[in-house]
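For reference, model_32.txt is printed below; it contains compact mmCIF, C-alpha atoms.
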```txt
# COMPACT_ATOMS: atom_id res chain seq x y z
CA MET A 1 143.95 56.62 147.08
CA LYS A 2 143.79 54.77 150.38
CA LEU A 3 141.51 51.74 150.42
CA ARG A 4 140.27 49.83 153.46
CA GLN A 5 142.45 46.76 153.50
CA ILE A 6 141.31 43.44 154.85
CA THR A 7 142.67 42.32 158.23
CA ALA A 8 142.51 39.12 160.25
CA ASP A 9 139.85 40.60 162.55
CA PHE A 10 137.76 41.69 159.57
CA VAL A 11 137.48 38.21 158.02
CA ALA A 12 138.36 35.57 160.65
CA ARG A 13 135.77 32.75 160.76
CA LYS A 14 133.22 34.99 159.02
CA ARG A 15 131.16 34.43 155.90
CA VAL A 16 132.99 36.52 153.29
CA LEU A 17 131.38 37.47 149.97
CA LEU A 18 134.35 37.74 147.61
CA ARG A 19 133.83 39.54 144.29
CA VAL A 20 136.45 38.53 141.74
CA ASP A 21 136.86 38.84 138.00
CA TYR A 22 136.92 35.28 136.68
CA ASN A 23 135.78 36.35 133.22
CA VAL A 24 138.34 34.03 131.65
CA PRO A 25 138.52 32.47 128.18
CA LEU A 26 137.31 28.88 127.92
CA LYS A 27 138.19 26.22 125.35
CA GLN A 28 136.79 22.85 124.40
CA GLN A 29 138.76 19.85 125.60
CA GLY A 30 137.05 16.66 124.50
CA LYS A 31 133.47 16.90 125.72
CA ASN A 32 134.27 19.47 128.38
CA GLN A 33 134.96 23.18 128.57
CA VAL A 34 138.14 24.11 130.41
CA VAL A 35 139.91 27.34 131.35
CA ALA A 36 142.21 28.46 128.54
CA ASP A 37 144.04 31.20 130.48
CA ASP A 38 144.04 31.23 134.28
CA THR A 39 145.84 34.56 134.81
CA ARG A 40 142.80 36.16 136.45
CA LEU A 41 142.40 33.21 138.81
CA LYS A 42 146.04 33.27 139.86
CA ILE A 43 145.87 37.00 140.59
CA THR A 44 143.33 36.33 143.37
CA LEU A 45 145.27 33.51 145.07
CA PRO A 46 146.96 35.75 147.69
CA THR A 47 143.56 36.99 148.88
CA LEU A 48 142.08 33.50 148.90
CA GLU A 49 145.07 32.17 150.84
CA PHE A 50 144.71 35.02 153.36
CA LEU A 51 141.03 34.20 153.86
CA LEU A 52 141.77 30.48 154.21
CA LYS A 53 144.56 31.17 156.71
CA HIS A 54 142.04 32.99 158.89
CA GLN A 55 139.36 30.31 158.52
CA ALA A 56 136.89 32.44 156.62
CA LYS A 57 133.89 30.88 154.92
CA ILE A 58 134.47 32.02 151.34
CA ILE A 59 131.53 32.76 149.02
CA ILE A 60 132.88 33.62 145.56
CA THR A 61 130.84 35.63 143.07
CA SER A 62 131.91 36.44 139.51
CA HIS A 63 130.57 36.95 136.03
CA LEU A 64 131.54 35.23 132.80
CA GLY A 65 130.78 36.69 129.39
CA ARG A 66 127.66 38.69 128.57
CA PRO A 67 124.56 36.54 129.18
CA GLU A 68 122.36 39.68 129.46
CA GLY A 69 120.36 38.48 132.45
CA LYS A 70 119.61 35.02 131.07
CA THR A 71 121.00 31.57 131.87
CA VAL A 72 123.46 30.56 129.15
CA GLU A 73 124.78 27.01 129.41
CA LYS A 74 128.23 27.73 127.94
CA LEU A 75 128.74 30.63 130.37
CA LYS A 76 128.27 28.63 133.56
CA LEU A 77 131.15 28.82 136.02
CA ASP A 78 131.64 25.05 136.52
CA PRO A 79 134.94 24.90 134.54
CA VAL A 80 136.24 27.89 136.50
CA ALA A 81 135.39 26.29 139.86
CA LYS A 82 137.15 23.07 138.85
CA HIS A 83 140.27 24.94 137.77
CA LEU A 84 140.36 27.03 140.94
CA ALA A 85 140.10 23.85 143.02
CA LYS A 86 143.21 22.53 141.25
CA LEU A 87 145.12 25.76 141.87
CA LEU A 88 144.22 25.76 145.56
CA ASP A 89 144.41 21.98 145.95
CA LYS A 90 141.17 22.33 147.85
CA PRO A 91 137.49 21.62 147.05
CA VAL A 92 135.43 24.45 145.59
CA LYS A 93 131.73 23.72 145.73
CA LYS A 94 129.99 25.15 142.67
CA LEU A 95 126.32 26.12 143.08
CA ASP A 96 123.81 26.31 140.25
CA GLU A 97 122.26 29.59 141.39
CA THR A 98 123.48 32.98 142.59
CA VAL A 99 120.77 33.61 145.18
CA GLY A 100 117.77 31.70 146.51
CA GLU A 101 116.74 29.20 149.18
CA ASN A 102 119.16 26.48 148.05
CA VAL A 103 122.09 28.89 148.12
CA GLU A 104 121.06 30.15 151.57
CA GLN A 105 120.86 26.58 152.87
CA VAL A 106 124.32 25.63 151.57
CA VAL A 107 125.91 28.82 152.90
CA SER A 108 124.31 28.38 156.34
CA GLU A 109 125.95 24.96 156.62
CA MET A 110 129.45 26.12 155.60
CA LYS A 111 132.35 25.41 157.93
CA PRO A 112 135.40 27.65 158.42
CA GLY A 113 137.86 27.27 155.53
CA GLU A 114 135.26 26.05 153.02
CA ILE A 115 134.71 27.62 149.61
CA VAL A 116 131.58 27.86 147.49
CA MET A 117 131.28 29.53 144.11
CA LEU A 118 127.95 31.05 143.14
CA GLU A 119 126.65 30.80 139.59
CA ASN A 120 127.42 33.55 137.05
CA CYS A 121 125.99 36.71 138.65
CA ARG A 122 125.08 38.13 135.24
CA PHE A 123 122.48 35.40 134.78
CA ASN A 124 120.41 37.73 136.99
CA GLU A 125 118.90 40.86 135.40
CA GLY A 126 119.43 42.73 138.65
CA GLU A 127 123.23 42.49 138.45
CA LYS A 128 123.88 45.04 135.69
CA THR A 129 121.05 47.34 136.80
CA ASN A 130 122.35 47.34 140.39
CA ASP A 131 118.90 46.24 141.54
CA GLU A 132 118.42 46.87 145.26
CA ASN A 133 116.55 43.61 145.93
CA PHE A 134 119.16 41.48 144.16
CA ALA A 135 121.98 43.28 145.98
CA LYS A 136 120.23 42.66 149.33
CA LYS A 137 119.78 38.96 148.62
CA LEU A 138 123.42 38.60 147.62
CA ALA A 139 124.63 40.56 150.64
CA SER A 140 122.43 38.52 153.01
CA LEU A 141 124.60 35.48 152.35
CA ALA A 142 127.63 37.00 154.08
CA GLU A 143 128.85 39.01 157.06
CA VAL A 144 131.46 41.05 155.18
CA PHE A 145 132.27 41.88 151.56
CA VAL A 146 135.69 41.87 149.86
CA ASN A 147 136.27 43.27 146.37
CA ASP A 148 139.33 41.77 144.69
CA GLY A 149 138.60 42.69 141.08
CA LEU A 150 139.77 46.05 139.76
CA ALA A 151 138.69 44.89 136.29
CA VAL A 152 135.02 45.06 137.38
CA SER A 153 135.29 48.11 139.62
CA HIS A 154 134.37 50.57 136.87
CA ARG A 155 130.90 48.99 136.76
CA ALA A 156 128.15 50.12 139.18
CA HIS A 157 126.75 46.60 139.39
CA ALA A 158 124.97 44.90 142.29
CA SER A 159 127.83 42.52 143.15
CA VAL A 160 130.37 45.38 143.01
CA VAL A 161 128.58 48.43 144.42
CA GLY A 162 125.10 47.40 145.59
CA VAL A 163 126.26 44.93 148.24
CA THR A 164 128.50 47.54 149.87
CA LYS A 165 125.38 49.33 151.16
CA HIS A 166 124.53 46.28 153.25
CA LEU A 167 127.90 44.85 154.34
CA PRO A 168 131.14 46.09 155.90
CA SER A 169 133.45 46.20 152.86
CA GLY A 170 137.17 46.03 152.16
CA ALA A 171 139.69 45.70 149.35
CA GLY A 172 141.40 42.39 148.61
CA LEU A 173 145.16 42.08 148.34
CA ALA A 174 145.20 41.95 144.53
CA LEU A 175 142.94 44.99 144.19
CA THR A 176 145.01 46.98 146.66
CA GLU A 177 148.27 46.16 144.87
CA GLU A 178 146.83 46.86 141.42
CA VAL A 179 145.60 50.31 142.42
CA LYS A 180 148.98 51.03 144.05
CA GLN A 181 150.91 50.02 140.93
CA LEU A 182 148.74 52.04 138.56
CA GLU A 183 148.66 55.14 140.73
CA SER A 184 152.45 55.07 141.04
CA LEU A 185 152.64 55.56 137.26
CA MET A 186 150.87 58.89 137.57
CA ASP A 187 152.20 60.06 140.93
CA ASN A 188 155.91 59.33 140.93
CA PRO A 189 157.25 57.59 137.81
CA SER A 190 160.96 57.43 137.05
CA HIS A 191 161.81 59.27 133.84
CA PRO A 192 161.96 58.82 130.92
CA PHE A 193 158.42 57.47 131.25
CA VAL A 194 157.09 55.79 128.07
CA ALA A 195 153.39 54.96 127.76
CA ILE A 196 152.22 52.64 124.98
CA VAL A 197 148.54 52.54 124.00
CA GLY A 198 147.15 50.23 121.33
CA GLY A 199 144.16 48.01 120.76
CA ALA A 200 141.15 48.52 118.54
CA LYS A 201 139.04 51.21 120.20
CA ILE A 202 140.01 54.72 121.22
CA SER A 203 136.75 55.51 123.05
CA ASP A 204 137.76 53.95 126.37
CA LYS A 205 141.33 55.24 126.11
CA VAL A 206 140.86 58.96 125.41
CA GLU A 207 141.13 60.27 128.97
CA ALA A 208 143.97 57.88 129.79
CA ILE A 209 145.94 59.11 126.77
CA ARG A 210 145.21 62.70 127.77
CA ASN A 211 146.39 62.14 131.37
CA LEU A 212 149.37 60.00 130.38
CA SER A 213 150.51 62.67 127.92
CA LYS A 214 150.76 65.09 130.86
CA VAL A 215 152.99 62.76 132.89
CA ALA A 216 154.82 60.55 130.38
CA ASP A 217 157.69 61.76 128.24
CA VAL A 218 156.12 60.16 125.18
CA VAL A 219 152.96 58.19 124.34
CA LEU A 220 153.40 55.61 121.59
CA VAL A 221 150.15 54.63 119.88
CA GLY A 222 149.41 51.65 117.65
CA GLY A 223 146.60 49.33 116.57
CA GLY A 224 143.19 50.71 115.71
CA VAL A 225 143.78 53.60 118.14
CA ALA A 226 146.58 54.87 115.89
CA ASN A 227 144.21 55.07 112.91
CA ASN A 228 142.31 57.90 114.60
CA PHE A 229 145.53 59.90 114.97
CA LEU A 230 146.59 59.12 111.41
CA LYS A 231 143.29 60.29 109.98
CA ALA A 232 143.36 63.36 112.23
CA ASP A 233 146.70 64.25 110.64
CA GLY A 234 145.39 63.84 107.10
CA VAL A 235 146.54 60.27 106.37
CA ASP A 236 144.03 58.09 104.51
CA VAL A 237 143.48 54.84 106.44
CA PHE A 238 141.15 53.39 103.78
CA HIS A 239 139.45 50.18 105.01
CA SER A 240 141.36 50.00 108.29
CA TYR A 241 139.38 49.73 111.52
CA LEU A 242 138.39 53.20 112.67
CA GLU A 243 136.18 53.92 115.65
CA ASP A 244 134.63 57.18 114.61
CA THR A 245 130.91 56.57 114.77
CA PRO A 246 129.19 59.18 116.92
CA ALA A 247 129.26 58.05 120.54
CA ASP A 248 127.32 59.28 123.55
CA VAL A 249 130.03 60.60 125.84
CA LYS A 250 128.58 62.65 128.71
CA LYS A 251 125.47 63.04 126.52
CA GLU A 252 127.43 64.85 123.81
CA LYS A 253 128.04 63.58 120.31
CA VAL A 254 131.76 63.04 119.88
CA SER A 255 133.95 62.30 116.86
CA PHE A 256 136.99 60.34 117.98
CA VAL A 257 139.02 61.58 115.02
CA ALA A 258 138.28 65.10 116.25
CA VAL A 259 139.31 64.01 119.75
CA ALA A 260 142.59 62.67 118.37
CA GLU A 261 143.12 65.94 116.50
CA ASP A 262 142.61 67.89 119.74
CA LEU A 263 145.08 65.68 121.58
CA LEU A 264 147.69 66.23 118.88
CA GLU A 265 147.09 69.99 119.04
CA GLU A 266 147.39 70.02 122.84
CA THR A 267 150.72 68.18 122.81
CA LYS A 268 152.32 69.37 119.58
CA THR A 269 154.73 71.80 121.25
CA GLU A 270 155.91 69.27 123.80
CA LYS A 271 158.95 67.25 122.81
CA MET A 272 160.89 64.32 124.16
CA MET A 273 164.43 63.55 123.12
CA LEU A 274 165.78 60.34 121.63
CA HIS A 275 169.52 59.81 122.16
CA ASP A 276 169.60 63.42 123.40
CA TYR A 277 169.30 64.95 119.94
CA ILE A 278 166.24 63.87 117.96
CA PRO A 279 163.07 65.81 118.96
CA LEU A 280 159.82 63.82 118.88
CA PRO A 281 156.17 64.78 119.36
CA LYS A 282 154.64 63.91 122.73
CA ILE A 283 152.10 61.56 121.07
CA LEU A 284 153.82 59.43 118.46
CA TYR A 285 151.92 57.37 115.87
CA PRO A 286 153.22 54.98 113.16
CA SER A 287 155.22 56.26 110.20
CA ASP A 288 154.73 52.96 108.38
CA VAL A 289 152.35 50.03 108.65
CA LEU A 290 151.87 46.47 107.51
CA ALA A 291 148.73 46.38 105.37
CA ALA A 292 146.70 43.43 104.12
CA ASP A 293 143.67 43.03 101.90
CA LYS A 294 142.00 40.59 104.31
CA ILE A 295 142.41 39.78 107.99
CA ASP A 296 141.06 36.24 108.14
CA HIS A 297 143.20 34.84 105.31
CA THR A 298 145.86 36.96 103.69
CA THR A 299 146.18 37.00 99.94
CA LYS A 300 148.18 40.23 99.74
CA LYS A 301 150.23 42.20 102.22
CA LYS A 302 152.80 44.97 102.00
CA ILE A 303 154.60 47.64 104.00
CA ILE A 304 153.21 51.11 103.37
CA THR A 305 155.05 54.29 104.32
CA LEU A 306 152.53 56.81 105.55
CA ALA A 307 152.46 60.49 104.68
CA ASN A 308 149.93 63.27 104.73
CA GLY A 309 147.55 62.91 101.79
CA ASN A 310 149.56 60.26 99.94
CA GLY A 311 146.63 58.05 98.95
CA HIS A 312 147.12 55.88 95.87
CA GLU A 313 144.61 53.86 93.88
CA GLU A 314 146.48 50.61 94.63
CA ARG A 315 146.05 51.12 98.35
CA GLN A 316 142.30 51.46 98.49
CA ASN A 317 141.60 47.87 99.57
CA TRP A 318 144.29 47.82 102.24
CA MET A 319 143.65 47.43 105.96
CA PHE A 320 146.38 48.37 108.44
CA VAL A 321 147.06 45.26 110.56
CA ASP A 322 150.36 46.04 112.32
CA ILE A 323 152.94 48.77 112.79
CA GLY A 324 155.71 48.70 110.16
CA PRO A 325 159.44 47.94 110.59
CA LYS A 326 160.56 51.60 110.80
CA THR A 327 157.99 52.27 113.51
CA GLN A 328 158.98 49.08 115.32
CA LYS A 329 162.62 50.16 115.33
CA LEU A 330 161.81 53.66 116.59
CA TYR A 331 159.42 52.44 119.31
CA ARG A 332 161.96 49.82 120.39
CA ASN A 333 164.75 52.40 120.71
CA ILE A 334 162.53 54.69 122.79
CA ILE A 335 161.44 51.85 125.10
CA LEU A 336 165.02 50.72 125.70
CA GLN A 337 165.89 54.19 127.03
CA ALA A 338 162.96 54.31 129.44
CA LYS A 339 163.00 54.04 133.23
CA THR A 340 159.23 53.43 133.40
CA VAL A 341 157.06 51.75 130.75
CA PHE A 342 153.29 51.19 130.78
CA TRP A 343 151.62 49.24 127.99
CA ASN A 344 147.95 48.66 127.26
CA GLY A 345 146.75 47.30 123.91
CA PRO A 346 148.46 45.37 121.08
CA MET A 347 149.99 47.05 118.04
CA GLY A 348 147.95 45.05 115.53
CA VAL A 349 146.11 41.79 114.90
CA PHE A 350 148.65 39.82 116.94
CA GLU A 351 146.46 36.72 117.04
CA LYS A 352 147.49 36.11 113.40
CA GLU A 353 151.16 35.12 113.21
CA ALA A 354 151.63 37.15 110.01
CA PHE A 355 150.50 40.32 111.81
CA SER A 356 152.16 39.80 115.21
CA GLN A 357 155.66 41.22 114.70
CA GLY A 358 154.90 44.75 115.91
CA THR A 359 153.33 43.56 119.14
CA LYS A 360 156.17 41.07 119.63
CA THR A 361 158.75 43.83 119.15
CA ILE A 362 157.12 45.94 121.88
CA ALA A 363 156.89 42.94 124.21
CA LYS A 364 160.54 41.99 123.72
CA ALA A 365 161.79 45.57 124.08
CA MET A 366 159.92 45.96 127.37
CA ALA A 367 161.29 42.66 128.62
CA LYS A 368 164.82 43.88 127.84
CA ALA A 369 164.43 47.44 129.16
CA LYS A 370 166.09 48.36 132.45
CA ALA A 371 162.88 49.97 133.64
CA LYS A 372 159.83 49.44 135.78
CA THR A 373 157.44 47.69 133.40
CA VAL A 374 153.67 47.44 133.80
CA VAL A 375 151.50 45.54 131.30
CA GLY A 376 147.73 46.05 131.45
CA GLY A 377 144.62 44.59 129.84
CA GLY A 378 143.44 41.13 128.83
CA ASP A 379 144.51 41.31 125.17
CA THR A 380 147.95 42.61 126.09
CA ILE A 381 148.46 39.85 128.64
CA SER A 382 147.31 37.29 126.05
CA ALA A 383 149.91 38.68 123.66
CA VAL A 384 152.84 38.50 126.08
CA LYS A 385 151.80 34.98 127.09
CA LYS A 386 151.71 33.99 123.42
CA PHE A 387 155.32 35.16 123.13
CA GLY A 388 156.33 33.44 126.40
CA LEU A 389 157.30 36.72 128.05
CA GLU A 390 154.72 37.05 130.84
CA ASN A 391 157.36 36.54 133.56
CA HIS A 392 159.65 39.29 132.25
CA TYR A 393 157.71 42.30 133.55
CA ASP A 394 157.39 43.89 136.96
CA TYR A 395 153.59 43.85 137.05
CA LEU A 396 150.69 42.43 135.04
CA SER A 397 147.35 44.19 135.49
CA ALA A 398 144.35 42.15 134.36
CA ALA A 399 142.21 45.29 134.32
CA GLY A 400 141.76 46.86 130.90
CA GLY A 401 139.00 49.48 130.77
CA ALA A 402 139.01 49.94 134.55
CA ALA A 403 142.76 50.54 134.63
CA LEU A 404 142.49 53.09 131.84
CA GLU A 405 139.64 54.89 133.60
CA LEU A 406 141.73 55.00 136.79
CA LEU A 407 144.69 56.40 134.84
CA GLY A 408 142.27 58.84 133.24
CA GLY A 409 141.58 60.32 136.67
CA LYS A 410 138.14 58.84 137.28
CA MET A 411 136.90 57.64 140.66
CA LEU A 412 135.66 54.14 139.92
CA PRO A 413 132.23 53.33 141.43
CA GLY A 414 133.53 50.04 142.84
CA LEU A 415 136.41 51.75 144.65
CA LYS A 416 134.47 54.65 146.15
CA PRO A 417 132.75 52.50 148.87
CA LEU A 418 136.16 51.04 149.79
CA LEU A 419 137.90 54.34 150.54
CA ALA A 420 139.43 54.48 153.99
CA LYS A 421 138.04 57.33 156.09
CA GLU A 422 140.68 59.69 157.40
CA ARG A 423 140.86 60.07 161.16
CA LYS A 424 140.17 63.56 162.42
```
How does the structure come out when it is put into structure tokens?
Amino acid sequence: MKLRQITADFVARKRVLLRVDYNVPLKQQGKNQVVADDTRLKITLPTLEFLLKHQAKIIITSHLGRPEGKTVEKLKLDPVAKHLAKLLDKPVKKLDETVGENVEQVVSEMKPGEIVMLENCRFNEGEKTNDENFAKKLASLAEVFVNDGLAVSHRAHASVVGVTKHLPSGAGLALTEEVKQLESLMDNPSHPFVAIVGGAKISDKVEAIRNLSKVADVVLVGGGVANNFLKADGVDVFHSYLEDTPADVKKEKVSFVAVAEDLLEETKTEKMMLHDYIPLPKILYPSDVLAADKIDHTTKKKIITLANGNGHEERQNWMFVDIGPKTQKLYRNIILQAKTVFWNGPMGVFEKEAFSQGTKTIAKAMAKAKAKTVVGGGDTISAVKKFGLENHYDYLSAAGGAALELLGGKMLPGLKPLLAKERK
């Protein structure tokens, strides 16, 4: 996929509407809210520095949380603007509105090299509905539009798609690099290629798992996603998290356990080799798990070896909260033999120290592997940062759902308007 990249001529001394994904976690520090994890801000610094170098007037728009079209005090972008100003060592003027006369006045008075940040765009009902009038008002603030947030590019929102109908549009440096890195996984990976998919929900990962299973040598699954494959293979998961409520996918009712069963059937005859002699299924799920009776405060926990139909009375209150030691060892050995590794989604409830070992094992194995390593998704990045390993991988992608949709072969609505036209 070739995107229109920004150039000096495209942005120099112009008003640039820059869409970023600053949907970052906040924490309370004294009386103030502050940014708890600035990964998504740092990702955009190369684009911001490029714009500043060419004396652009930078108008930043982002969302934070899910205010559902209403003003929510704790979701205002003031803490984000303050943190960005520290990173850039340059003032960032935060406005209290996204559009309107006051915003227009401030923008009209901007000088080259100045930065303003608009208020949370999702405070406006027209953002998520891609309202034409809201998109026009937002676009009227600028001369050109730059999208630098892959993480929001799977949404057909006004600040992502709507504005492109009214402004010349291009892809920021971070967006361009992120698409390049992810596409390289599918187009020309070095083998063995190991894909690791975890997290709670399987619904937004189905097509990515399907596509990855065609390219990767093995797909290792964990977390809540693994429970669908376990149940599909006849293993009782009891009270473990299982996303199998009917979901509207392309207007058809879908059972995700049935989807997992289909994926296993499609890949059952494909094998990858471990140490050149042990055959393994293409999609590999845990053979043992760490189970607990509660997630918030553990009173009981134990390792359970999984087998088809081996339910016992004593297990009926258990919830699977991490992959077990045998699975950890197997996954680790596979990862250490890889030449390419992609990972999206933790192996369990890593936020709790007692349930974090599986995720930590994956993180450490990837850090040690002599392979190209790509880590994707907010939860996964939070995990590797918790373990102090964020600097041990080749690439960190902040995009979760958008990255998986891209790997699943979808054309993202936010990328389509940025495609470079081929010369005839």
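If you measure from each of A:Asp9, A:Gly409, A:Asp37, A:Leu242 to Ala383 in chain A using all atoms listed in the file, the closest one turns out to be A:Asp37.
The space separating CA of Ile43 in chain A from CA of Asp131 in chain A comes to 28.5 Å.
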Original post:
Neighbours of Val106 in chain A within 9 Å (all atoms listed in the file; same-chain residues fewer than 5 positions away dropped), as a list in words?
Top reply: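 Near neighbours after the sequence-gap exclusion: Leu95, Glu101 and Val116 of chain A.
Between Arg332 in chain A and the candidates A:Arg210, A:Asn344, A:Thr359, A:Val374, the tightest atom-to-atom separation, counting all atoms listed in the file, involves A:Thr359.
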Original post:
Mind pulling up the distance from CA of Thr373 in chain A to CA of Lys339 in chain A?
Top reply: 8.4 Å
Original post:
With distances taken over all atoms listed in the file, which of A:Pro25, A:Gly199, A:Gly172, A:Gly324 is nearest to Leu51 in chain A?
Top reply: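 Smallest separation from Leu51 in chain A among the options: A:Gly172.
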**OP:** Have a look at A:Asp148, A:Asp293, A:Asp236, A:Glu183 and name the one nearest to Val16 in chain A; count all atoms listed in the file.
**Re:**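 Using all atoms listed in the file, the shortest distance to Val16 in chain A belongs to A:Asp148.
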Using only C-alpha atoms, find each residue in range 103-167 of chain A having at least one atom no more than 10 Å away from range 174-181 of chain A; report its shortest atom-to-atom pair and that distance in Å (one decimal), rows by chain then rising number, as a Markdown table.
```
| residue | atom | partner | partner_atom | distance |
| --- | --- | --- | --- | --- |
| A:Val146 | CA | A:Leu175 | CA | 9.7 |
| A:Asn147 | CA | A:Leu175 | CA | 7.2 |
| A:Asp148 | CA | A:Leu175 | CA | 4.9 |
| A:Gly149 | CA | A:Leu175 | CA | 5.8 |
| A:Leu150 | CA | A:Leu175 | CA | 5.5 |
| A:Ala151 | CA | A:Leu175 | CA | 9.0 |
| A:Ser153 | CA | A:Leu175 | CA | 9.4 |
```
